[in-house]
$ cat model.tsv   # TSV, C-alpha atoms
chain	number	residue	atom	x	y	z
R	1	MET	CA	5.73	65.53	20.02
R	2	ARG	CA	8.59	63.13	20.64
R	3	LYS	CA	11.67	64.69	22.24
R	4	ALA	CA	15.00	63.51	20.86
R	5	GLY	CA	17.81	62.36	23.11
R	6	ARG	CA	17.76	61.05	26.65
R	7	HIS	CA	15.77	62.50	29.50
R	8	PHE	CA	17.92	63.75	32.37
R	9	LEU	CA	16.49	62.29	35.59
R	10	GLN	CA	18.30	64.49	38.10
R	11	ILE	CA	16.05	64.17	41.11
R	12	PRO	CA	17.72	62.84	44.29
R	13	GLY	CA	16.29	59.39	43.70
R	14	PRO	CA	15.02	57.27	42.17
R	15	SER	CA	18.28	57.48	40.27
R	16	ALA	CA	18.72	56.33	36.67
R	17	VAL	CA	19.04	52.54	36.38
R	18	PRO	CA	22.15	51.31	34.47
R	19	ASP	CA	21.68	48.99	31.52
R	20	ARG	CA	23.50	46.17	33.32
R	21	ILE	CA	20.95	46.25	36.12
R	22	LEU	CA	17.99	46.56	33.74
R	23	SER	CA	19.30	43.52	31.88
R	24	ALA	CA	19.65	41.55	35.12
R	25	ILE	CA	16.12	42.43	36.21
R	26	SER	CA	14.75	41.31	32.84
R	27	GLN	CA	15.80	37.69	33.42
R	28	GLN	CA	13.03	35.12	33.62
R	29	THR	CA	11.38	34.86	37.05
R	30	ILE	CA	12.16	31.61	38.83
R	31	ASP	CA	10.54	29.58	41.61
R	32	HIS	CA	11.30	31.43	44.85
R	33	ARG	CA	10.97	28.12	46.71
R	34	GLY	CA	13.20	26.17	44.32
R	35	PRO	CA	16.90	25.29	44.73
R	36	ASP	CA	18.13	27.82	42.17
R	37	PHE	CA	16.66	30.72	44.09
R	38	ALA	CA	18.68	29.95	47.23
R	39	LYS	CA	21.83	31.05	45.40
R	40	VAL	CA	20.18	34.36	44.45
R	41	GLY	CA	18.91	35.02	47.97
R	42	LEU	CA	22.14	34.14	49.75
R	43	ARG	CA	24.19	36.21	47.33
R	44	ALA	CA	21.97	39.24	47.97
R	45	LEU	CA	21.90	38.86	51.75
R	46	ASP	CA	25.65	38.31	52.01
R	47	GLY	CA	26.48	40.99	49.45
R	48	LEU	CA	24.46	43.65	51.26
R	49	LYS	CA	26.56	43.10	54.38
R	50	SER	CA	29.59	44.35	52.44
R	51	ILE	CA	27.70	47.52	51.49
R	52	PHE	CA	26.41	48.22	55.02
R	53	LYS	CA	29.86	47.19	56.33
R	54	THR	CA	28.39	44.79	58.86
R	55	GLN	CA	28.74	41.21	59.99
R	56	GLU	CA	25.27	41.32	61.58
R	57	HIS	CA	21.83	40.49	60.17
R	58	VAL	CA	20.54	42.32	57.10
R	59	PHE	CA	16.86	41.98	56.21
R	60	ILE	CA	15.34	42.63	52.78
R	61	TYR	CA	11.71	43.66	52.32
R	62	PRO	CA	9.64	44.10	49.15
R	63	ALA	CA	8.75	47.66	50.21
R	64	SER	CA	9.69	51.31	50.03
R	65	GLY	CA	11.95	52.99	52.55
R	66	THR	CA	8.88	53.90	54.59
R	67	GLY	CA	8.35	50.20	55.23
R	68	ALA	CA	11.91	49.87	56.49
R	69	TRP	CA	11.31	52.83	58.84
R	70	GLU	CA	8.33	51.00	60.31
R	71	ALA	CA	10.22	47.69	60.50
R	72	ALA	CA	13.04	49.31	62.48
R	73	LEU	CA	10.62	50.66	65.08
R	74	VAL	CA	8.15	47.80	65.47
R	75	ASN	CA	10.88	45.19	65.81
R	76	THR	CA	12.59	46.88	68.74
R	77	LEU	CA	10.13	49.06	70.68
R	78	SER	CA	6.92	48.86	72.73
R	79	PRO	CA	3.82	51.10	72.87
R	80	GLY	CA	4.48	54.37	74.68
R	81	ASP	CA	8.28	54.15	74.43
R	82	ARG	CA	10.07	57.49	74.16
R	83	VAL	CA	12.05	58.04	70.97
R	84	LEU	CA	14.44	60.96	70.44
R	85	MET	CA	14.72	62.31	66.90
R	86	PHE	CA	16.50	65.28	65.30
R	87	GLU	CA	14.72	67.62	62.88
R	88	THR	CA	17.10	67.66	59.95
R	89	GLY	CA	14.38	68.09	57.32
R	90	HIS	CA	11.27	66.68	55.68
R	91	PHE	CA	12.18	63.01	55.92
R	92	ALA	CA	13.15	63.19	59.59
R	93	THR	CA	9.74	64.78	60.13
R	94	LEU	CA	7.96	61.96	58.27
R	95	TRP	CA	9.78	59.32	60.34
R	96	LYS	CA	8.64	61.10	63.51
R	97	LYS	CA	5.03	61.15	62.31
R	98	LEU	CA	5.22	57.44	61.52
R	99	ALA	CA	6.56	56.74	65.02
R	100	GLU	CA	3.68	58.66	66.56
R	101	LYS	CA	1.12	56.72	64.52
R	102	LEU	CA	2.62	53.50	65.91
R	103	GLY	CA	1.94	54.68	69.47
R	104	LEU	CA	5.45	55.84	70.33
R	105	TRP	CA	6.25	59.06	72.20
R	106	ALA	CA	8.43	60.75	69.60
R	107	GLU	CA	10.34	63.90	70.59
R	108	PHE	CA	12.11	66.28	68.23
R	109	ILE	CA	15.25	68.26	68.83
R	110	GLU	CA	14.39	71.19	66.59
R	111	GLY	CA	16.66	71.99	63.67
R	112	ASP	CA	16.79	74.74	61.06
R	113	TRP	CA	16.98	72.45	57.98
R	114	ARG	CA	20.42	73.92	57.17
R	115	GLY	CA	22.62	71.06	58.46
R	116	GLY	CA	22.78	67.62	60.02
R	117	ALA	CA	22.01	66.44	63.53
R	118	ASP	CA	24.01	68.10	66.33
R	119	PRO	CA	25.75	65.47	68.53
R	120	ASP	CA	26.20	67.97	71.40
R	121	GLN	CA	22.47	68.63	71.61
R	122	ILE	CA	21.75	64.91	71.53
R	123	GLU	CA	24.29	64.27	74.30
R	124	ALA	CA	22.81	67.03	76.47
R	125	TYR	CA	19.29	65.68	75.97
R	126	LEU	CA	20.30	62.13	76.88
R	127	THR	CA	22.32	63.28	79.90
R	128	GLU	CA	19.14	64.85	81.30
R	129	ASP	CA	17.30	61.53	80.90
R	130	LYS	CA	18.49	60.10	84.21
R	131	ALA	CA	15.78	57.43	84.27
R	132	HIS	CA	16.72	56.22	80.77
R	133	GLU	CA	13.14	56.56	79.56
R	134	ILE	CA	14.35	57.24	76.01
R	135	LYS	CA	14.56	53.88	74.27
R	136	ALA	CA	15.91	54.92	70.88
R	137	VAL	CA	17.72	57.77	69.14
R	138	CYS	CA	16.77	58.11	65.46
R	139	VAL	CA	18.83	60.19	63.01
R	140	VAL	CA	18.69	60.67	59.24
R	141	HIS	CA	22.17	60.22	57.75
R	142	ASN	CA	21.65	61.97	54.40
R	143	GLU	CA	18.62	64.27	54.56
R	144	THR	CA	17.30	64.17	51.01
R	145	SER	CA	15.13	67.26	51.40
R	146	THR	CA	18.01	69.57	52.32
R	147	GLY	CA	21.27	68.05	51.07
R	148	SER	CA	22.81	67.81	54.54
R	149	VAL	CA	24.69	64.91	56.16
R	150	SER	CA	24.64	64.03	59.86
R	151	PRO	CA	27.90	62.92	61.55
R	152	ILE	CA	26.80	59.43	62.54
R	153	ALA	CA	30.01	58.38	64.29
R	154	ALA	CA	29.89	61.57	66.39
R	155	VAL	CA	26.26	60.89	67.36
R	156	ARG	CA	27.30	57.41	68.49
R	157	GLN	CA	30.02	59.02	70.61
R	158	ALA	CA	27.47	61.42	72.07
R	159	ILE	CA	25.25	58.53	73.15
R	160	ASP	CA	28.25	56.82	74.73
R	161	ASN	CA	29.37	60.04	76.46
R	162	ALA	CA	25.94	60.27	78.07
R	163	ASN	CA	26.30	56.64	79.17
R	164	HIS	CA	22.83	56.03	77.78
R	165	PRO	CA	21.49	52.59	76.77
R	166	ALA	CA	19.15	53.83	74.00
R	167	LEU	CA	19.17	52.00	70.69
R	168	PHE	CA	20.74	53.99	67.86
R	169	MET	CA	18.77	53.96	64.59
R	170	VAL	CA	19.89	55.59	61.34
R	171	ASP	CA	18.08	56.24	58.07
R	172	THR	CA	20.61	56.09	55.23
R	173	ILE	CA	18.04	55.54	52.49
R	174	SER	CA	19.74	58.10	50.25
R	175	GLY	CA	23.22	57.75	51.71
R	176	LEU	CA	24.00	54.06	51.33
R	177	ALA	CA	26.37	53.22	48.45
R	178	SER	CA	26.97	56.93	47.82
R	179	LEU	CA	28.48	58.17	51.08
R	180	ASP	CA	30.75	56.30	53.47
R	181	TYR	CA	28.63	54.30	55.90
R	182	GLN	CA	29.84	51.84	58.55
R	183	HIS	CA	27.07	50.08	60.47
R	184	ASP	CA	29.36	48.07	62.76
R	185	GLU	CA	32.24	50.52	63.20
R	186	TRP	CA	29.88	53.39	64.05
R	187	GLY	CA	27.90	51.33	66.55
R	188	VAL	CA	24.53	51.64	64.83
R	189	ASP	CA	21.83	49.27	66.09
R	190	VAL	CA	19.37	49.52	63.20
R	191	THR	CA	20.17	50.95	59.78
R	192	VAL	CA	17.35	51.68	57.33
R	193	SER	CA	17.87	51.93	53.57
R	194	GLY	CA	16.25	51.44	50.17
R	195	SER	CA	17.03	50.31	46.64
R	196	GLN	CA	16.38	53.37	44.47
R	197	LYS	CA	19.24	55.70	45.38
R	198	GLY	CA	22.92	54.76	45.52
R	199	LEU	CA	22.14	51.11	44.80
R	200	MET	CA	20.89	52.22	41.35
R	201	LEU	CA	17.80	49.99	41.36
R	202	PRO	CA	14.16	50.86	40.74
R	203	PRO	CA	12.08	51.47	43.87
R	204	GLY	CA	10.75	48.33	45.52
R	205	LEU	CA	13.30	46.94	47.98
R	206	SER	CA	14.08	48.22	51.47
R	207	PHE	CA	16.50	47.03	54.11
R	208	ASN	CA	17.22	46.80	57.83
R	209	ALA	CA	20.67	46.03	59.18
R	210	ALA	CA	20.33	44.98	62.83
R	211	SER	CA	22.95	44.70	65.57
R	212	ALA	CA	23.02	41.98	68.24
R	213	LYS	CA	21.58	44.54	70.67
R	214	ALA	CA	18.69	45.24	68.29
R	215	MET	CA	18.06	41.51	67.82
R	216	ALA	CA	17.89	41.12	71.61
R	217	ALA	CA	15.40	44.00	71.81
R	218	ASN	CA	13.28	42.23	69.21
R	219	LYS	CA	12.56	39.46	71.73
R	220	SER	CA	10.94	41.82	74.24
R	221	ALA	CA	9.45	44.49	71.94
R	222	LYS	CA	5.65	44.71	72.23
R	223	LEU	CA	4.65	46.73	69.17
R	224	GLN	CA	2.50	44.57	66.90
R	225	ARG	CA	4.18	43.23	63.81
R	226	SER	CA	3.68	40.43	61.34
R	227	TYR	CA	4.94	41.24	57.84
R	228	TRP	CA	7.91	43.18	59.26
R	229	ASP	CA	8.93	40.67	61.94
R	230	TRP	CA	12.66	39.95	61.88
R	231	ALA	CA	12.11	36.74	63.85
R	232	GLU	CA	10.09	35.30	60.97
R	233	MET	CA	12.90	36.04	58.51
R	234	VAL	CA	15.98	34.79	60.36
R	235	GLY	CA	15.33	31.08	59.75
R	236	PRO	CA	14.50	31.21	56.03
R	237	ASN	CA	17.28	33.75	55.36
R	238	LYS	CA	19.92	31.30	56.60
R	239	THR	CA	19.36	29.22	53.49
R	240	GLY	CA	18.64	32.12	51.10
R	241	TYR	CA	14.84	32.07	51.32
R	242	PHE	CA	12.14	34.43	52.63
R	243	PRO	CA	8.94	33.83	54.63
R	244	TYR	CA	6.87	35.32	51.80
R	245	THR	CA	7.26	35.99	48.10
R	246	PRO	CA	10.35	38.20	47.64
R	247	GLY	CA	11.01	40.71	44.88
R	248	THR	CA	12.75	38.03	42.81
R	249	ASN	CA	13.73	40.10	39.79
R	250	LEU	CA	14.77	43.08	41.88
R	251	LEU	CA	17.11	40.72	43.75
R	252	TYR	CA	18.73	39.86	40.40
R	253	GLY	CA	19.30	43.58	39.95
R	254	LEU	CA	20.55	44.01	43.52
R	255	ASN	CA	23.22	41.36	43.00
R	256	GLU	CA	24.34	43.10	39.81
R	257	ALA	CA	24.43	46.45	41.60
R	258	ILE	CA	26.59	45.06	44.40
R	259	ASP	CA	29.00	43.64	41.80
R	260	MET	CA	29.19	47.03	40.06
R	261	LEU	CA	29.91	48.88	43.30
R	262	HIS	CA	32.75	46.53	44.18
R	263	GLU	CA	34.16	46.65	40.65
R	264	GLU	CA	34.48	50.43	41.00
R	265	GLY	CA	35.54	50.14	44.64
R	266	LEU	CA	33.43	51.62	47.43
R	267	GLU	CA	36.04	54.24	48.34
R	268	ASN	CA	36.10	55.36	44.69
R	269	VAL	CA	32.29	55.55	44.71
R	270	PHE	CA	32.38	57.74	47.81
R	271	SER	CA	35.09	60.06	46.44
R	272	ARG	CA	33.23	60.37	43.12
R	273	HIS	CA	30.07	61.51	44.89
R	274	ALA	CA	32.02	63.94	47.08
R	275	ARG	CA	33.71	65.46	44.01
R	276	HIS	CA	30.40	65.87	42.20
R	277	GLY	CA	28.84	67.51	45.24
R	278	SER	CA	31.73	69.98	45.45
R	279	ALA	CA	31.46	70.79	41.74
R	280	ALA	CA	27.70	71.28	41.91
R	281	ARG	CA	28.07	73.65	44.86
R	282	ALA	CA	30.79	75.57	43.01
R	283	ALA	CA	28.35	76.13	40.14
R	284	VAL	CA	25.53	77.20	42.45
R	285	ARG	CA	27.71	79.72	44.29
R	286	HIS	CA	29.07	81.11	41.03
R	287	TRP	CA	25.48	81.66	39.88
R	288	GLY	CA	25.03	83.75	43.02
R	289	LEU	CA	22.43	81.37	44.44
R	290	GLU	CA	22.36	79.89	47.93
R	291	VAL	CA	23.11	76.27	48.85
R	292	LEU	CA	20.48	75.26	51.40
R	293	CYS	CA	22.93	73.28	53.54
R	294	PHE	CA	24.74	75.96	55.53
R	295	ALA	CA	26.85	73.73	57.81
R	296	GLN	CA	30.33	73.52	56.31
R	297	GLY	CA	31.52	69.93	56.05
R	298	GLN	CA	27.99	68.52	56.20
R	299	GLU	CA	27.09	69.15	52.55
R	300	SER	CA	25.95	66.07	50.67
R	301	GLY	CA	27.58	64.40	47.70
R	302	VAL	CA	24.20	62.88	46.79
R	303	LEU	CA	22.31	66.07	45.99
R	304	THR	CA	22.50	69.83	46.19
R	305	ALA	CA	19.46	71.81	47.36
R	306	VAL	CA	19.36	75.35	45.95
R	307	ARG	CA	17.38	78.32	47.27
R	308	LEU	CA	16.01	80.70	44.66
R	309	PRO	CA	15.84	84.47	45.34
R	310	GLU	CA	12.72	85.87	46.98
R	311	GLY	CA	9.93	86.37	44.49
R	312	HIS	CA	10.96	83.49	42.25
R	313	SER	CA	9.07	80.20	42.23
R	314	ALA	CA	11.25	77.10	42.34
R	315	ASP	CA	8.36	75.02	41.03
R	316	ALA	CA	7.84	77.33	38.06
R	317	PHE	CA	11.57	77.19	37.33
R	318	ARG	CA	11.52	73.37	37.46
R	319	ALA	CA	8.48	73.19	35.16
R	320	SER	CA	10.08	75.52	32.63
R	321	THR	CA	13.38	73.63	32.71
R	322	LEU	CA	11.60	70.31	32.19
R	323	GLU	CA	9.61	71.72	29.27
R	324	HIS	CA	12.53	73.29	27.46
R	325	TYR	CA	15.47	71.04	28.33
R	326	ASP	CA	13.91	67.69	29.30
R	327	ILE	CA	15.55	67.57	32.73
R	328	SER	CA	13.75	66.59	35.95
R	329	LEU	CA	14.92	68.36	39.11
R	330	GLY	CA	13.75	67.66	42.65
R	331	ASN	CA	11.14	69.90	44.25
R	332	GLY	CA	11.26	71.62	47.63
R	333	LEU	CA	9.35	69.80	50.36
R	334	SER	CA	7.07	71.11	53.15
R	335	LYS	CA	8.92	74.01	54.85
R	336	VAL	CA	10.93	74.80	51.73
R	337	ALA	CA	8.22	74.05	49.15
R	338	ASP	CA	8.49	76.31	46.06
R	339	LYS	CA	11.58	77.96	47.58
R	340	VAL	CA	14.10	75.25	46.75
R	341	PHE	CA	14.97	72.94	43.89
R	342	ARG	CA	17.27	69.95	44.25
R	343	ILE	CA	19.92	68.67	41.86
R	344	GLY	CA	20.51	64.93	42.17
R	345	HIS	CA	24.05	63.71	41.37
R	346	LEU	CA	24.02	60.14	42.61
R	347	GLY	CA	24.17	56.57	41.43
R	348	ASP	CA	25.65	55.61	38.06
R	349	PHE	CA	26.86	59.13	37.31
R	350	ASN	CA	30.06	60.59	35.85
R	351	ASP	CA	31.72	63.96	35.26
R	352	LEU	CA	30.26	64.51	31.81
R	353	MET	CA	26.74	63.74	33.07
R	354	LEU	CA	27.21	66.30	35.84
R	355	VAL	CA	28.37	68.96	33.37
R	356	GLY	CA	25.33	68.25	31.19
R	357	THR	CA	23.06	68.48	34.23
R	358	LEU	CA	24.50	71.80	35.34
R	359	ALA	CA	24.25	73.14	31.79
R	360	GLY	CA	20.56	72.26	31.81
R	361	VAL	CA	20.11	74.08	35.11
R	362	GLU	CA	21.99	77.18	33.90
R	363	MET	CA	19.99	77.34	30.68
R	364	GLY	CA	16.84	76.85	32.75
R	365	LEU	CA	17.74	79.76	35.04
R	366	LYS	CA	18.11	82.02	32.02
R	367	LYS	CA	14.89	80.79	30.40
R	368	ALA	CA	12.95	81.35	33.66
R	369	ASN	CA	14.49	84.81	34.16
R	370	VAL	CA	16.02	83.90	37.51
R	371	PRO	CA	18.79	86.41	38.35
R	372	HIS	CA	22.18	84.70	38.19
R	373	ALA	CA	25.74	85.13	36.99
R	374	GLU	CA	26.63	83.10	33.91
R	375	GLY	CA	29.55	80.70	34.01
R	376	GLY	CA	28.53	78.28	36.76
R	377	VAL	CA	29.17	75.31	34.49
R	378	GLN	CA	32.72	76.54	33.84
R	379	ALA	CA	33.26	76.92	37.61
R	380	ALA	CA	32.27	73.28	38.08
R	381	MET	CA	34.47	72.18	35.20
R	382	ARG	CA	37.48	73.92	36.72
R	383	LEU	CA	36.96	72.03	39.96
R	384	LEU	CA	36.49	68.70	38.15
R	385	ALA	CA	39.69	69.28	36.19
$ encode --input "model.tsv" --output "structure tokens"
Amino acid sequence: MRKAGRHFLQIPGPSAVPDRILSAISQQTIDHRGPDFAKVGLRALDGLKSIFKTQEHVFIYPASGTGAWEAALVNTLSPGDRVLMFETGHFATLWKKLAEKLGLWAEFIEGDWRGGADPDQIEAYLTEDKAHEIKAVCVVHNETSTGSVSPIAAVRQAIDNANHPALFMVDTISGLASLDYQHDEWGVDVTVSGSQKGLMLPPGLSFNAASAKAMAANKSAKLQRSYWDWAEMVGPNKTGYFPYTPGTNLLYGLNEAIDMLHEEGLENVFSRHARHGSAARAAVRHWGLEVLCFAQGQESGVLTAVRLPEGHSADAFRASTLEHYDISLGNGLSKVADKVFRIGHLGDFNDLMLVGTLAGVEMGLKKANVPHAEGGVQAAMRLLA
């Protein structure tokens, strides 16, 4: 039976695509080797620099964020290189597994999935590496599985305090265009991101922003690469073209998304996400439920991960809420599977949409007989007001 009204897609990405972007994507495909396309390509490549806050190279791939993970590693490292990573959650774990499959020696600093990366632990680890065998430090900025944010500028300072030459790589797939991010100012060498989160696009584009140091490493890196090779892209990108068929229509949408972000103002985008994160957490705590991110000040404005009480299935709650209220919520992943659900509040999203989302969650808690105190929506509304 048809359900009336709009579906609430409140997973932490892909986020809902605004009509302006859908309209841009629906334009007729053009010749990606023709003169008209150069304007599209250059606009996208230059525009992304303003979002990453960089003057360095930005590369665009027709791929998911996983592809951009691989591109970051294969363009800068050699077989057997040591890579230091921090276990912030599921996606940090997946990046480590990918590194190991590529033949890298990936090491984890263990985390409890309740906060971001700890700069002090990273500094101590690097200080012990007297021979500078560690070639890269990889950190997830916004860990989508837990709703925690790593202090990227502080991690950069930790690397500098240890006087260590390792490359600094950051995954901000779910953080870019939602949370403040400064590739150049924070001294990041390779930033990884994707299209389907704060950029408000469908999945299908991924990105690397690369510093001069990373571009120099590309010249001596020995990991095999072809499709991902930055060196193959630099020349064509100068004139707005790509070495292979790009995601033409998604680039139309990307240019529209960049325009929309600047029309609102990036600082306004960041403050909006922060406010929505605070309001969502106010609702969760009023319900008497637990926010998964325990580290104060590291909670995400992109999503809120919520632990259900022992004996209650988060997956059963999500299924019931979808059935009765037509709202999709994110599931718990690996270590927190069936223990956690995730509320996405990112992208083209306003106060009224958040209130509707939280109302759906509160009704879902009651329908699924999850113990909670009523009035979480009102708690969020008081904060928003």
$ closest_residue --input "model.tsv" --among "R:Val291, R:Ile327, R:Val336, R:Met233" --to "Val361 (chain R)" --atoms "only C-alpha atoms"
R:Ile327
$ closest_atom_pairs --input "model.tsv" --of "region 281-336 of chain R" --to "region 12-26 of chain R" --cutoff "10 Å" --atoms "all atoms listed in the file" --output "tab-separated table"
residue	atom	partner	partner_atom	distance
R:Val302	CA	R:Pro12	CA	6.9
R:Leu303	CA	R:Pro12	CA	5.9
R:Thr304	CA	R:Pro12	CA	8.7
R:Ala305	CA	R:Pro12	CA	9.6
R:Ser328	CA	R:Pro12	CA	10.0
R:Leu329	CA	R:Pro12	CA	8.1
R:Gly330	CA	R:Pro12	CA	6.5
R:Asn331	CA	R:Pro12	CA	9.7
$ closest_atom_pairs --input "model.tsv" --of "region 106-149 of chain R" --to "region 195-214 of chain R" --cutoff "12 Å" --atoms "only C-alpha atoms" --output "JSON lines"
{"residue": "R:Lys135", "atom": "CA", "partner": "R:Ala214", "partner_atom": "CA", "distance": 11.3}
{"residue": "R:Ala136", "atom": "CA", "partner": "R:Ala214", "partner_atom": "CA", "distance": 10.4}
{"residue": "R:Asn142", "atom": "CA", "partner": "R:Lys197", "partner_atom": "CA", "distance": 11.2}
{"residue": "R:Thr144", "atom": "CA", "partner": "R:Lys197", "partner_atom": "CA", "distance": 10.4}
$ atom_distance --input "model.tsv" --atom1 "CA of Gly194 (chain R)" --atom2 "CA of Ile11 (chain R)"
15.6 Å
$ closest_residue --input "model.tsv" --among "R:Trp95, R:Phe349, R:Gly376, R:Tyr325" --to "Ala4 (chain R)" --atoms "only C-alpha atoms"
R:Tyr325
$ closest_residue --input "model.tsv" --among "R:Val140, R:Met353, R:Ala216, R:Leu126" --to "Thr191 (chain R)" --atoms "all atoms listed in the file"
R:Val140
$ closest_residue --input "model.tsv" --among "R:Asp81, R:Cys293, R:Gly247, R:His312" --to "Ile30 (chain R)" --atoms "all atoms listed in the file"
R:Gly247
$ closest_residue --input "model.tsv" --among "R:Lys101, R:Lys39, R:Lys130, R:Lys238" --to "His57 (chain R)" --atoms "all atoms listed in the file"
R:Lys238
$ atom_distance --input "model.tsv" --atom1 "CA of His262 (chain R)" --atom2 "CA of Ser50 (chain R)"
9.1 Å
$ closest_residue --input "model.tsv" --among "R:Ala63, R:Val40, R:Ala166, R:Ala68" --to "Arg82 (chain R)" --atoms "only C-alpha atoms"
R:Ala166
$ atom_distance --input "model.tsv" --atom1 "CA of Arg43 (chain R)" --atom2 "CA of Gly240 (chain R)"
7.9 Å
$ residues_around --input "model.tsv" --residues "Phe270 (chain R)" --least-positions-apart "3" --cutoff "8 Å" --atoms "all atoms listed in the file" --output "PyMOL selection string"
chain R and resi 177-180+266-267+273-274
$ residues_near_point --input "model.tsv" --point "(28.6, 70.1, 42.9)" --cutoff "9 Å" --atoms "all atoms listed in the file" --output "list in words"
His273, Ala274, Arg275, His276, Gly277, Ser278, Ala279, Ala280, Arg281, Ala282, Ala283, Val284, Gly301, Leu303, Thr304, Ile343, His345, Leu354, Leu358 and Ala380 of chain R
$ residues_around --input "model.tsv" --residues "Leu45 (chain R)" --least-positions-apart "4" --cutoff "7 Å" --atoms "all atoms listed in the file" --output "PyMOL selection string"
chain R and resi 41+49+58
